[in-house]
Amino acid sequence: KAGRKAVRSALKETKATSASVALVSGGKTVWSQTFGRVNKAGKKPSPTTKFGVGSVSKMLTTIAVMQLVDQGKVSLDDPVVRYVPDFSMLSPQYRQVTVRMLLNHSAGFPGTSFSALWSHEPIPSYVDGVLAGLRSSHLKTTPGAMNVYCNDCFSMAGVVVERVSDMPFHDYVRANILTPLRMTHSSYPTSVPRPGAVAPIIQGGQPQPIEITNAFATGGLMSTSRDMAQLAKVFTGDGVV
């Protein structure tokens with residue numbers, strides 16, 4: 001009862017259209033419920049209605065990198081250029097940027113490549129744009145000197161996963177994280193989501209086009225609360241589900 005009251009209050013305060021909630025306790029999903037509406041007729045989200053999970057997507061990227069570390073294919077303190085030879089910047093210290101620095105936001109990158117970050121249709125070349133942008137940019141700080149939240153760090157971490165695994169980032173995550181965790185309603189938007197699959201924003205009574213985050217590794221995952229509960233169990237269960 002308290003949980004339902006809190007969610008409804010949050011929807012009202014934020015003017016959000018819908019929400020999906022799951023609660024994990026003792027390694028089990030003990031509560032899961034949807035709220036709000038996904039069309040102008042007032043239809044509720046279903047348990048399989050996807051939502052963009054934003055920067056929680058970075059957890060999948062981190063798991064992917066650490067799987068490769070466990071397999072001996074990546075070393076956290078190796079320079080990124082070892083795995084992505086075409087990575088470069090105007091500041092020569094870019095060669096000091098390590099994989100660890102990508103994951104702890106201390107690489108010293110400018111921040112976020114906003115060109116083509118969001119769209120209504122997928123833009124597969126987004127990561128190419130990130131690499132091109134970095135090539136024409138200077139570092140803001142000495143690599144490793146300070147931690148400043150950085151989306152481009154995780155976009156680059158996604159590139160490391162691709163280059164080492166020789167798989168597209170979204171395919172690697174699906175095969176090695178989503179499928180083993182039975183996160184069957186989680187995906188990256190490699191195509192325009194079918195109508196009704198993703199919860200829309202409703203403005204003026206009309207559902208708006210679904211916004212795609214093309215920076216998959218830093219914020220592109222679409223998922224359900226039940227699937228995200230599976231991910232939560234990885235951390236509440238010491239890595240075992």
# chains A, B, ... in the order shown; residues from 1 in each chain; ligands from 1
>>> select_by_dssp(residues="chain A", states="alpha helix (DSSP H)", output="PyMOL selection string")
chain A and resi 2-14+57-70+99-103+126-135+151-165+169-173+216-219+225-236
>>> residues_around(residues="stretch 54-56 of chain A", least_positions_apart="6", cutoff="8 Å", atoms="only C-alpha atoms", output="CSV table (one decimal) with N, CA, C and O atoms, in the first residue's frame")
chain,number,residue,atom,x,y,z
A,218,THR,N,25.9,3.9,-22.9
A,218,THR,CA,25.8,4.8,-21.8
A,218,THR,C,24.4,5.1,-21.3
A,218,THR,O,24.2,5.5,-20.2
A,219,GLY,N,23.4,4.8,-22.2
A,219,GLY,CA,22.0,5.1,-21.8
A,219,GLY,C,21.0,4.5,-22.7
A,219,GLY,O,19.8,5.0,-22.6
A,220,GLY,N,21.2,3.5,-23.5
A,220,GLY,CA,20.3,3.1,-24.5
A,220,GLY,C,19.4,1.9,-24.2
A,220,GLY,O,18.4,1.7,-25.0
A,221,LEU,N,19.6,1.3,-23.1
A,221,LEU,CA,18.8,0.0,-22.9
A,221,LEU,C,17.3,0.4,-22.6
A,221,LEU,O,16.9,1.4,-22.0
>>> residues_around(residues="stretch 32-43 of chain A", least_positions_apart="6", cutoff="6 Å", atoms="only C-alpha atoms", output="list in words")
Thr17, Ser18, Ala19, Ser20, Val21, Ala22, Ala199 and Gly205 of chain A
>>> write_last_selection(atoms="N, CA and C atoms", output="PDB file, in the first residue's frame")
ATOM      1  N   THR A  17       3.802  10.104 -17.325  1.00  0.00           N
ATOM      2  CA  THR A  17       2.649   9.422 -17.907  1.00  0.00           C
ATOM      3  C   THR A  17       2.428   8.047 -17.309  1.00  0.00           C
ATOM      4  N   SER A  18       3.516   7.317 -17.063  1.00  0.00           N
ATOM      5  CA  SER A  18       3.381   5.951 -16.579  1.00  0.00           C
ATOM      6  C   SER A  18       4.620   5.540 -15.801  1.00  0.00           C
ATOM      7  N   ALA A  19       4.509   4.403 -15.118  1.00  0.00           N
ATOM      8  CA  ALA A  19       5.633   3.881 -14.341  1.00  0.00           C
ATOM      9  C   ALA A  19       5.480   2.375 -14.205  1.00  0.00           C
ATOM     10  N   SER A  20       6.619   1.719 -14.002  1.00  0.00           N
ATOM     11  CA  SER A  20       6.643   0.281 -13.760  1.00  0.00           C
ATOM     12  C   SER A  20       7.635   0.031 -12.637  1.00  0.00           C
ATOM     13  N   VAL A  21       7.215  -0.723 -11.627  1.00  0.00           N
ATOM     14  CA  VAL A  21       8.006  -0.864 -10.406  1.00  0.00           C
ATOM     15  C   VAL A  21       8.152  -2.337 -10.043  1.00  0.00           C
ATOM     16  N   ALA A  22       9.329  -2.702  -9.570  1.00  0.00           N
ATOM     17  CA  ALA A  22       9.554  -4.041  -9.020  1.00  0.00           C
ATOM     18  C   ALA A  22      10.430  -3.911  -7.782  1.00  0.00           C
ATOM     19  N   ALA A 199       6.638   2.353 -23.457  1.00  0.00           N
ATOM     20  CA  ALA A 199       5.744   3.348 -22.866  1.00  0.00           C
ATOM     21  C   ALA A 199       6.053   4.729 -23.430  1.00  0.00           C
ATOM     22  N   GLY A 205      -2.872  14.826 -24.584  1.00  0.00           N
ATOM     23  CA  GLY A 205      -3.715  13.670 -24.863  1.00  0.00           C
ATOM     24  C   GLY A 205      -3.191  12.753 -25.946  1.00  0.00           C
TER      25      GLY A 205
END
>>> residues_around(residues="stretch 74-88 of chain A", least_positions_apart="4", cutoff="9 Å", atoms="only C-alpha atoms", output="PDB file with N, CA and C atoms, in the first residue's frame")
ATOM      1  N   VAL A  65      32.377  -5.311 -19.631  1.00  0.00           N
ATOM      2  CA  VAL A  65      33.827  -5.119 -19.549  1.00  0.00           C
ATOM      3  C   VAL A  65      34.440  -6.082 -18.534  1.00  0.00           C
ATOM      4  N   MET A  66      33.801  -6.208 -17.370  1.00  0.00           N
ATOM      5  CA  MET A  66      34.371  -7.043 -16.320  1.00  0.00           C
ATOM      6  C   MET A  66      34.319  -8.525 -16.676  1.00  0.00           C
ATOM      7  N   GLN A  67      33.358  -8.936 -17.488  1.00  0.00           N
ATOM      8  CA  GLN A  67      33.378 -10.313 -17.985  1.00  0.00           C
ATOM      9  C   GLN A  67      34.628 -10.557 -18.819  1.00  0.00           C
ATOM     10  N   LEU A  68      34.974  -9.592 -19.654  1.00  0.00           N
ATOM     11  CA  LEU A  68      36.168  -9.717 -20.492  1.00  0.00           C
ATOM     12  C   LEU A  68      37.440  -9.659 -19.647  1.00  0.00           C
ATOM     13  N   VAL A  69      37.388  -8.893 -18.551  1.00  0.00           N
ATOM     14  CA  VAL A  69      38.515  -8.882 -17.613  1.00  0.00           C
ATOM     15  C   VAL A  69      38.664 -10.264 -16.975  1.00  0.00           C
ATOM     16  N   ASP A  70      37.554 -10.840 -16.532  1.00  0.00           N
ATOM     17  CA  ASP A  70      37.592 -12.168 -15.919  1.00  0.00           C
ATOM     18  C   ASP A  70      38.143 -13.219 -16.876  1.00  0.00           C
ATOM     19  N   PRO A  92      48.170  14.876 -26.265  1.00  0.00           N
ATOM     20  CA  PRO A  92      48.946  13.636 -26.359  1.00  0.00           C
ATOM     21  C   PRO A  92      48.765  12.694 -25.167  1.00  0.00           C
ATOM     22  N   TYR A  94      46.229  11.479 -24.142  1.00  0.00           N
ATOM     23  CA  TYR A  94      45.126  10.527 -24.342  1.00  0.00           C
ATOM     24  C   TYR A  94      45.624   9.092 -24.290  1.00  0.00           C
ATOM     25  N   ARG A  95      46.905   8.880 -24.601  1.00  0.00           N
ATOM     26  CA  ARG A  95      47.463   7.530 -24.572  1.00  0.00           C
ATOM     27  C   ARG A  95      47.566   6.977 -23.153  1.00  0.00           C
ATOM     28  N   GLN A  96      47.387   7.855 -22.156  1.00  0.00           N
ATOM     29  CA  GLN A  96      47.422   7.427 -20.751  1.00  0.00           C
ATOM     30  C   GLN A  96      46.054   6.969 -20.251  1.00  0.00           C
ATOM     31  N   VAL A  97      45.003   7.203 -21.037  1.00  0.00           N
ATOM     32  CA  VAL A  97      43.653   6.827 -20.612  1.00  0.00           C
ATOM     33  C   VAL A  97      43.536   5.306 -20.588  1.00  0.00           C
ATOM     34  N   THR A  98      43.144   4.771 -19.446  1.00  0.00           N
ATOM     35  CA  THR A  98      43.004   3.322 -19.288  1.00  0.00           C
ATOM     36  C   THR A  98      41.536   2.908 -19.282  1.00  0.00           C
ATOM     37  N   VAL A  99      41.315   1.619 -19.385  1.00  0.00           N
ATOM     38  CA  VAL A  99      39.943   1.096 -19.332  1.00  0.00           C
ATOM     39  C   VAL A  99      39.317   1.419 -17.977  1.00  0.00           C
ATOM     40  N   ARG A 100      40.080   1.316 -16.907  1.00  0.00           N
ATOM     41  CA  ARG A 100      39.559   1.644 -15.574  1.00  0.00           C
ATOM     42  C   ARG A 100      39.060   3.085 -15.524  1.00  0.00           C
ATOM     43  N   MET A 101      39.792   3.989 -16.154  1.00  0.00           N
ATOM     44  CA  MET A 101      39.402   5.396 -16.152  1.00  0.00           C
ATOM     45  C   MET A 101      38.085   5.623 -16.879  1.00  0.00           C
ATOM     46  N   LEU A 102      37.804   4.798 -17.892  1.00  0.00           N
ATOM     47  CA  LEU A 102      36.511   4.905 -18.560  1.00  0.00           C
ATOM     48  C   LEU A 102      35.390   4.563 -17.585  1.00  0.00           C
ATOM     49  N   LEU A 131      33.917   8.915 -31.614  1.00  0.00           N
ATOM     50  CA  LEU A 131      35.351   8.789 -31.896  1.00  0.00           C
ATOM     51  C   LEU A 131      35.865   9.990 -32.692  1.00  0.00           C
ATOM     52  N   ALA A 132      35.079  10.439 -33.665  1.00  0.00           N
ATOM     53  CA  ALA A 132      35.478  11.598 -34.468  1.00  0.00           C
ATOM     54  C   ALA A 132      35.537  12.849 -33.611  1.00  0.00           C
ATOM     55  N   LEU A 134      36.119  13.040 -30.373  1.00  0.00           N
ATOM     56  CA  LEU A 134      37.279  12.987 -29.488  1.00  0.00           C
ATOM     57  C   LEU A 134      38.563  13.307 -30.251  1.00  0.00           C
ATOM     58  N   ARG A 135      38.646  12.877 -31.505  1.00  0.00           N
ATOM     59  CA  ARG A 135      39.849  13.158 -32.302  1.00  0.00           C
ATOM     60  C   ARG A 135      40.094  14.652 -32.465  1.00  0.00           C
ATOM     61  N   SER A 136      39.035  15.445 -32.393  1.00  0.00           N
ATOM     62  CA  SER A 136      39.180  16.897 -32.561  1.00  0.00           C
ATOM     63  C   SER A 136      39.060  17.649 -31.233  1.00  0.00           C
ATOM     64  N   MET A 156      32.908   4.849 -25.032  1.00  0.00           N
ATOM     65  CA  MET A 156      34.195   4.265 -25.384  1.00  0.00           C
ATOM     66  C   MET A 156      34.353   2.875 -24.778  1.00  0.00           C
ATOM     67  N   ALA A 157      33.841   2.677 -23.568  1.00  0.00           N
ATOM     68  CA  ALA A 157      33.885   1.343 -22.962  1.00  0.00           C
ATOM     69  C   ALA A 157      33.112   0.347 -23.820  1.00  0.00           C
ATOM     70  N   VAL A 159      32.864   0.530 -27.030  1.00  0.00           N
ATOM     71  CA  VAL A 159      33.731   0.250 -28.179  1.00  0.00           C
ATOM     72  C   VAL A 159      34.774  -0.801 -27.798  1.00  0.00           C
ATOM     73  N   VAL A 160      35.323  -0.709 -26.589  1.00  0.00           N
ATOM     74  CA  VAL A 160      36.273  -1.719 -26.122  1.00  0.00           C
ATOM     75  C   VAL A 160      35.630  -3.104 -26.154  1.00  0.00           C
ATOM     76  N   VAL A 161      34.399  -3.202 -25.673  1.00  0.00           N
ATOM     77  CA  VAL A 161      33.680  -4.485 -25.681  1.00  0.00           C
ATOM     78  C   VAL A 161      33.543  -5.000 -27.109  1.00  0.00           C
ATOM     79  N   ARG A 163      35.373  -4.277 -29.814  1.00  0.00           N
ATOM     80  CA  ARG A 163      36.633  -4.619 -30.470  1.00  0.00           C
ATOM     81  C   ARG A 163      37.214  -5.920 -29.909  1.00  0.00           C
ATOM     82  N   VAL A 164      37.107  -6.112 -28.598  1.00  0.00           N
ATOM     83  CA  VAL A 164      37.684  -7.302 -27.978  1.00  0.00           C
ATOM     84  C   VAL A 164      36.846  -8.547 -28.269  1.00  0.00           C
TER      85      VAL A 164
END
>>> closest_residue(among="A:Asp238, A:Asp166, A:Ala229, A:Val173", to="A:Lys28", atoms="only C-alpha atoms")
A:Ala229
>>> closest_residue(among="A:Ser155, A:Asn147, A:Ser187, A:Thr62", to="A:Ser223", atoms="only C-alpha atoms")
A:Ser187
>>> closest_residue(among="A:Ile123, A:Val130, A:Leu139, A:Gln71", to="A:Met89", atoms="only C-alpha atoms")
A:Leu139
>>> residues_around(residues="A:Ser119", least_positions_apart="6", cutoff="7 Å", atoms="only C-alpha atoms", output="PyMOL selection string")
chain A and resi 211-213
>>> write_last_selection(atoms="N, CA, C and O atoms", output="tab-separated table (two decimals), in the first residue's frame")
chain	number	residue	atom	x	y	z
A	211	GLU	N	11.40	8.13	-28.10
A	211	GLU	CA	12.74	8.70	-28.21
A	211	GLU	C	13.79	7.59	-28.04
A	211	GLU	O	13.76	6.85	-27.05
A	212	ILE	N	14.68	7.48	-29.00
A	212	ILE	CA	15.74	6.48	-28.97
A	212	ILE	C	17.03	7.15	-28.51
A	212	ILE	O	17.39	8.22	-29.00
A	213	THR	N	17.71	6.53	-27.57
A	213	THR	CA	19.03	6.98	-27.15
A	213	THR	C	20.06	6.15	-27.91
A	213	THR	O	20.20	4.95	-27.68
>>> closest_residue(among="A:Lys1, A:Lys12, A:His120, A:Lys73", to="A:Pro200", atoms="only C-alpha atoms")
A:His120
>>> atom_distance(atom1="atom CA of A:Asn214", atom2="atom CA of A:Val127")
8.3 Å
>>> residues_around(residues="stretch 192-195 of chain A", least_positions_apart="2", cutoff="9 Å", atoms="only C-alpha atoms", output="MDAnalysis selection string")
chainID A and resid 120:122 189:190 197:198 210 212
>>> residues_around(residues="A:Gly133", least_positions_apart="5", cutoff="10 Å", atoms="only C-alpha atoms", output="PyMOL selection string")
chain A and resi 88-89+110+112-113+115+127-128+138+152
>>> write_last_selection(atoms="all heavy atoms", output="compact mmCIF listing (two decimals), in the first residue's frame")
# COMPACT_ATOMS: atom_id res chain seq x y z
N SER A 88 41.99 8.55 -30.65
CA SER A 88 43.01 9.59 -30.47
C SER A 88 42.34 10.90 -30.08
O SER A 88 41.14 11.07 -30.28
CB SER A 88 43.84 9.78 -31.75
OG SER A 88 43.04 10.32 -32.79
N MET A 89 43.14 11.81 -29.52
CA MET A 89 42.69 13.15 -29.16
C MET A 89 43.81 14.13 -29.46
O MET A 89 44.95 13.73 -29.74
CB MET A 89 42.28 13.20 -27.68
CG MET A 89 41.13 12.27 -27.32
SD MET A 89 40.65 12.39 -25.56
CE MET A 89 39.91 14.05 -25.53
N PRO A 110 35.87 15.47 -22.59
CA PRO A 110 35.01 16.64 -22.45
C PRO A 110 33.64 16.36 -21.83
O PRO A 110 33.08 17.22 -21.17
CB PRO A 110 34.87 17.14 -23.89
CG PRO A 110 36.13 16.68 -24.56
CD PRO A 110 36.43 15.34 -23.95
N THR A 112 30.00 14.68 -23.09
CA THR A 112 28.98 13.96 -23.84
C THR A 112 28.93 14.44 -25.28
O THR A 112 28.89 15.65 -25.52
CB THR A 112 27.58 14.17 -23.22
OG1 THR A 112 27.59 13.76 -21.86
CG2 THR A 112 26.52 13.37 -23.97
N SER A 113 28.93 13.52 -26.21
CA SER A 113 28.74 13.86 -27.63
C SER A 113 27.23 13.91 -27.89
O SER A 113 26.58 12.87 -27.93
CB SER A 113 29.41 12.81 -28.52
OG SER A 113 30.79 12.76 -28.29
N SER A 115 25.60 15.21 -30.61
CA SER A 115 25.16 15.08 -31.99
C SER A 115 24.62 13.68 -32.24
O SER A 115 25.34 12.69 -32.04
CB SER A 115 26.32 15.37 -32.95
OG SER A 115 25.91 15.20 -34.29
N VAL A 127 28.37 6.08 -32.47
CA VAL A 127 29.68 5.84 -31.85
C VAL A 127 30.81 6.32 -32.75
O VAL A 127 31.83 6.82 -32.26
CB VAL A 127 29.84 4.36 -31.47
CG1 VAL A 127 31.26 4.08 -31.00
CG2 VAL A 127 28.86 3.99 -30.37
N ASP A 128 30.65 6.19 -34.06
CA ASP A 128 31.65 6.74 -34.98
C ASP A 128 31.79 8.24 -34.77
O ASP A 128 32.91 8.79 -34.83
CB ASP A 128 31.26 6.46 -36.43
CG ASP A 128 31.29 4.98 -36.78
OD1 ASP A 128 32.05 4.24 -36.13
OD2 ASP A 128 30.53 4.58 -37.68
N HIS A 138 40.42 18.31 -27.00
CA HIS A 138 41.48 18.22 -26.01
C HIS A 138 40.93 17.59 -24.74
O HIS A 138 39.73 17.66 -24.45
CB HIS A 138 42.01 19.62 -25.66
CG HIS A 138 42.79 20.27 -26.77
ND1 HIS A 138 44.13 20.06 -26.96
CD2 HIS A 138 42.39 21.12 -27.75
CE1 HIS A 138 44.55 20.75 -28.00
NE2 HIS A 138 43.52 21.41 -28.51
N ASP A 152 30.65 9.93 -22.55
CA ASP A 152 31.56 9.45 -23.60
C ASP A 152 32.52 8.38 -23.09
O ASP A 152 32.99 7.54 -23.86
CB ASP A 152 32.33 10.61 -24.22
CG ASP A 152 31.48 11.44 -25.18
OD1 ASP A 152 30.33 11.04 -25.44
OD2 ASP A 152 31.97 12.48 -25.66
>>> atom_distance(atom1="atom CA of A:Asp227", atom2="atom CA of A:Ser186")
6.9 Å
>>> closest_residue(among="A:Asn104, A:Thr14, A:Ser46, A:Ser25", to="A:Phe235", atoms="only C-alpha atoms")
A:Ser25
>>> atom_distance(atom1="atom CA of A:Lys58", atom2="atom CA of A:Gly239")
16.6 Å
>>> select_by_dssp(residues="stretch 34-155 of chain A", states="strand (DSSP E)", output="list of chain:residue names")
A:Thr34, A:Phe35, A:Gly36, A:Phe51, A:Gly52, A:Trp118, A:Ser119
>>> write_last_selection(atoms="C-alpha atoms", output="short mmCIF file (atom, residue, chain, number, x, y, z; two decimals), in the first residue's frame")
data_model
loop_
_atom_site.label_atom_id
_atom_site.label_comp_id
_atom_site.auth_asym_id
_atom_site.auth_seq_id
_atom_site.Cartn_x
_atom_site.Cartn_y
_atom_site.Cartn_z
CA THR A 34 2.54 -0.88 -13.41
CA PHE A 35 0.89 2.53 -13.13
CA GLY A 36 -0.44 5.27 -15.36
CA PHE A 51 10.81 1.86 -20.55
CA GLY A 52 14.09 3.56 -21.32
CA TRP A 118 18.60 11.20 -29.41
CA SER A 119 16.37 10.51 -32.38
#
